[in-house]
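A.B. asks: Encoded as structure tokens, here's the structure I'll be asking about.
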2 protein chains.
Amino acid sequence: ADGEALYASKGCLACHGADGKSPIAPAYPKVVGQSKEYTEQQMKDIKSGARSNGQSAVMKGIMAAVTDEEIKAIAEFLASSS
Amino acid sequence: ADGEALYASKGCLACHGADGKSPIAPAYPKVVGQSKEYTEQQMKDIKSGARSNGQSAVMKGIMAAVTDEEIKAIAEFLASSS
């Protein structure tokens, strides 16, 4: 799976910015440059509800349409971006 | 309160690195360069338990010794670092 294409097609850029570091509101994090492990874990935890603080609850619905394999690809793309 | 001094004295650098972007394990995030609002909210949510995913539960004990005013100072310091 192509992480960069998924980052766009799954709507991540709508909140986190096309470059992954210009979120539309201060409450949303920049999502590039973290380790792929941390990035993957946050997406999984938001999808499962293990993380639901702040605005992350908004993201839970979006993550329902993203498979674990797609999450891994997006995480690898974001971790390799800066 | 001096955010940079607090970042050291409260032990944050032990896990997140002296520069805030060299965590000792991939499971811990880099904590510089986010907005001060997001950074402050994550520390508050970990202190309150509203965020307890991944390794953040480890941090809850540490945050018990950090006041809201100190959290704000640390967040401002980290947001202004890169």
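Here, A, B, ... name the chains of the structure tokens in the order displayed, residue numbers run from 1 inside each chain, and ligands are numbered from 1 in the same displayed order.
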Could you list, as a PyMOL selection string, every residue of chain A that has an atom within 8 Å of an atom of chain B, counting only C-alpha atoms?
C.D. replies: chain A and resi 26-30+34-38+41+45+50-54
A.B. asks: For the residues in that selection, give me all heavy atoms as a compact mmCIF listing (two decimals), in the first residue's frame.
C.D. replies:
```
# COMPACT_ATOMS: atom_id res chain seq x y z
N PRO A 26 -4.79 24.46 16.25
CA PRO A 26 -3.70 24.16 17.18
C PRO A 26 -3.95 22.89 17.99
O PRO A 26 -3.02 22.26 18.50
CB PRO A 26 -3.68 25.37 18.12
CG PRO A 26 -4.62 26.37 17.58
CD PRO A 26 -5.43 25.75 16.51
N ALA A 27 -5.21 22.47 18.07
CA ALA A 27 -5.52 21.27 18.86
C ALA A 27 -5.07 19.99 18.15
O ALA A 27 -4.97 18.93 18.77
CB ALA A 27 -7.03 21.19 19.12
N TYR A 28 -4.79 20.08 16.83
CA TYR A 28 -4.36 18.88 16.10
C TYR A 28 -2.84 18.85 16.02
O TYR A 28 -2.21 19.90 15.85
CB TYR A 28 -4.92 18.88 14.68
CG TYR A 28 -6.43 18.88 14.58
CD1 TYR A 28 -7.09 19.73 13.70
CD2 TYR A 28 -7.20 18.03 15.37
CE1 TYR A 28 -8.48 19.75 13.60
CE2 TYR A 28 -8.59 18.04 15.27
CZ TYR A 28 -9.21 18.89 14.39
OH TYR A 28 -10.59 18.90 14.28
N PRO A 29 -2.25 17.67 16.14
CA PRO A 29 -0.80 17.58 16.08
C PRO A 29 -0.25 17.59 14.66
O PRO A 29 -0.96 17.28 13.69
CB PRO A 29 -0.51 16.22 16.73
CG PRO A 29 -1.72 15.40 16.43
CD PRO A 29 -2.88 16.37 16.41
N LYS A 30 1.04 17.98 14.59
CA LYS A 30 1.80 17.71 13.37
C LYS A 30 2.14 16.23 13.45
O LYS A 30 2.42 15.72 14.53
CB LYS A 30 3.07 18.57 13.37
CG LYS A 30 2.74 20.07 13.35
CD LYS A 30 3.91 20.94 13.71
CE LYS A 30 3.44 22.39 13.91
NZ LYS A 30 4.48 23.26 14.46
N GLN A 34 7.77 11.60 13.61
CA GLN A 34 7.81 10.70 14.78
C GLN A 34 8.30 9.33 14.29
O GLN A 34 8.38 9.07 13.09
CB GLN A 34 6.42 10.58 15.40
CG GLN A 34 5.86 11.88 15.95
CD GLN A 34 6.49 12.32 17.26
OE1 GLN A 34 7.40 11.67 17.79
NE2 GLN A 34 6.04 13.45 17.81
N SER A 35 8.59 8.42 15.19
CA SER A 35 8.98 7.05 14.78
C SER A 35 7.76 6.37 14.15
O SER A 35 6.61 6.70 14.48
CB SER A 35 9.41 6.24 16.00
OG SER A 35 8.28 5.95 16.83
N LYS A 36 8.01 5.41 13.26
CA LYS A 36 6.87 4.72 12.63
C LYS A 36 6.11 3.91 13.68
O LYS A 36 4.89 3.82 13.62
CB LYS A 36 7.31 3.86 11.45
CG LYS A 36 8.21 2.67 11.71
CD LYS A 36 8.48 1.94 10.38
CE LYS A 36 9.46 0.82 10.41
NZ LYS A 36 10.02 0.34 11.61
N GLU A 37 6.83 3.41 14.73
CA GLU A 37 6.16 2.67 15.79
C GLU A 37 5.16 3.57 16.54
O GLU A 37 4.01 3.20 16.76
CB GLU A 37 7.18 2.12 16.79
CG GLU A 37 8.13 1.08 16.24
CD GLU A 37 9.35 1.69 15.53
OE1 GLU A 37 9.41 2.94 15.34
OE2 GLU A 37 10.24 0.90 15.13
N TYR A 38 5.63 4.76 16.92
CA TYR A 38 4.75 5.66 17.68
C TYR A 38 3.56 6.09 16.81
O TYR A 38 2.41 6.07 17.26
CB TYR A 38 5.52 6.90 18.15
CG TYR A 38 4.66 7.90 18.90
CD1 TYR A 38 4.35 7.69 20.25
CD2 TYR A 38 4.13 9.02 18.28
CE1 TYR A 38 3.53 8.58 20.95
CE2 TYR A 38 3.31 9.91 18.97
CZ TYR A 38 3.02 9.69 20.30
OH TYR A 38 2.21 10.56 20.99
N GLN A 41 1.13 3.27 16.40
CA GLN A 41 0.41 2.99 17.66
C GLN A 41 -0.69 4.01 17.92
O GLN A 41 -1.80 3.65 18.35
CB GLN A 41 1.41 2.98 18.83
CG GLN A 41 0.84 2.42 20.12
CD GLN A 41 0.43 0.96 20.00
OE1 GLN A 41 1.20 0.11 19.56
NE2 GLN A 41 -0.82 0.66 20.35
N ASP A 45 -4.52 3.12 18.33
CA ASP A 45 -5.20 3.41 19.61
C ASP A 45 -6.41 4.32 19.41
O ASP A 45 -7.41 4.22 20.13
CB ASP A 45 -4.21 4.05 20.59
CG ASP A 45 -3.21 3.04 21.14
OD1 ASP A 45 -3.42 1.82 20.93
OD2 ASP A 45 -2.21 3.47 21.74
N ALA A 50 -8.63 3.31 22.44
CA ALA A 50 -7.69 3.32 23.58
C ALA A 50 -7.16 4.73 23.79
O ALA A 50 -6.79 5.11 24.89
CB ALA A 50 -6.53 2.36 23.32
N ARG A 51 -7.13 5.49 22.74
CA ARG A 51 -6.83 6.92 22.86
C ARG A 51 -8.03 7.70 22.36
O ARG A 51 -8.46 7.53 21.21
CB ARG A 51 -5.58 7.29 22.07
CG ARG A 51 -5.28 8.80 22.18
CD ARG A 51 -3.99 9.24 21.52
NE ARG A 51 -3.89 10.71 21.57
CZ ARG A 51 -2.92 11.42 21.00
NH1 ARG A 51 -1.95 10.80 20.35
NH2 ARG A 51 -2.89 12.73 21.08
N SER A 52 -8.63 8.51 23.22
CA SER A 52 -9.79 9.29 22.76
C SER A 52 -9.75 10.69 23.36
O SER A 52 -10.78 11.35 23.46
CB SER A 52 -11.07 8.57 23.19
OG SER A 52 -11.09 8.48 24.61
N ASN A 53 -8.56 11.16 23.74
CA ASN A 53 -8.49 12.49 24.37
C ASN A 53 -8.50 13.57 23.29
O ASN A 53 -8.28 13.31 22.11
CB ASN A 53 -7.22 12.62 25.22
CG ASN A 53 -5.94 12.65 24.37
OD1 ASN A 53 -5.75 11.77 23.53
ND2 ASN A 53 -5.11 13.67 24.56
N GLY A 54 -8.81 14.78 23.75
CA GLY A 54 -8.82 15.95 22.87
C GLY A 54 -9.71 15.72 21.66
O GLY A 54 -10.83 15.22 21.80
```
A.B. asks: In Å, rounded to a single decimal, give me how far atom CA of A:Gly61 is from atom CA of A:Glu4.
C.D. replies: 20.2 Å
A.B. asks: Run DSSP on the backbone and grab whatever in chain B lands in helix (DSSP H, G or I); send it over as a ChimeraX atom specification.
C.D. replies: /B:3-9,12-16,36-48,56-63,68-80
A.B. asks: Nearest to A:Glu76: which of A:Val58, A:Lys10, A:Val32, A:Ser48 is it, counting only C-alpha atoms?
C.D. replies: A:Val32
A.B. asks: One number please: atom CA of A:Ile71 to atom CA of A:Met43, in Å, one decimal.
C.D. replies: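 Computing the Euclidean distance for atom CA of A:Ile71 and atom CA of A:Met43 yields 6.9 Å.
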A.B. asks: By how many Å are atom CA of A:Leu78 and atom CA of B:Ser81 apart?
C.D. replies: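 Separation of atom CA of A:Leu78 and atom CA of B:Ser81: 20.4 Å.
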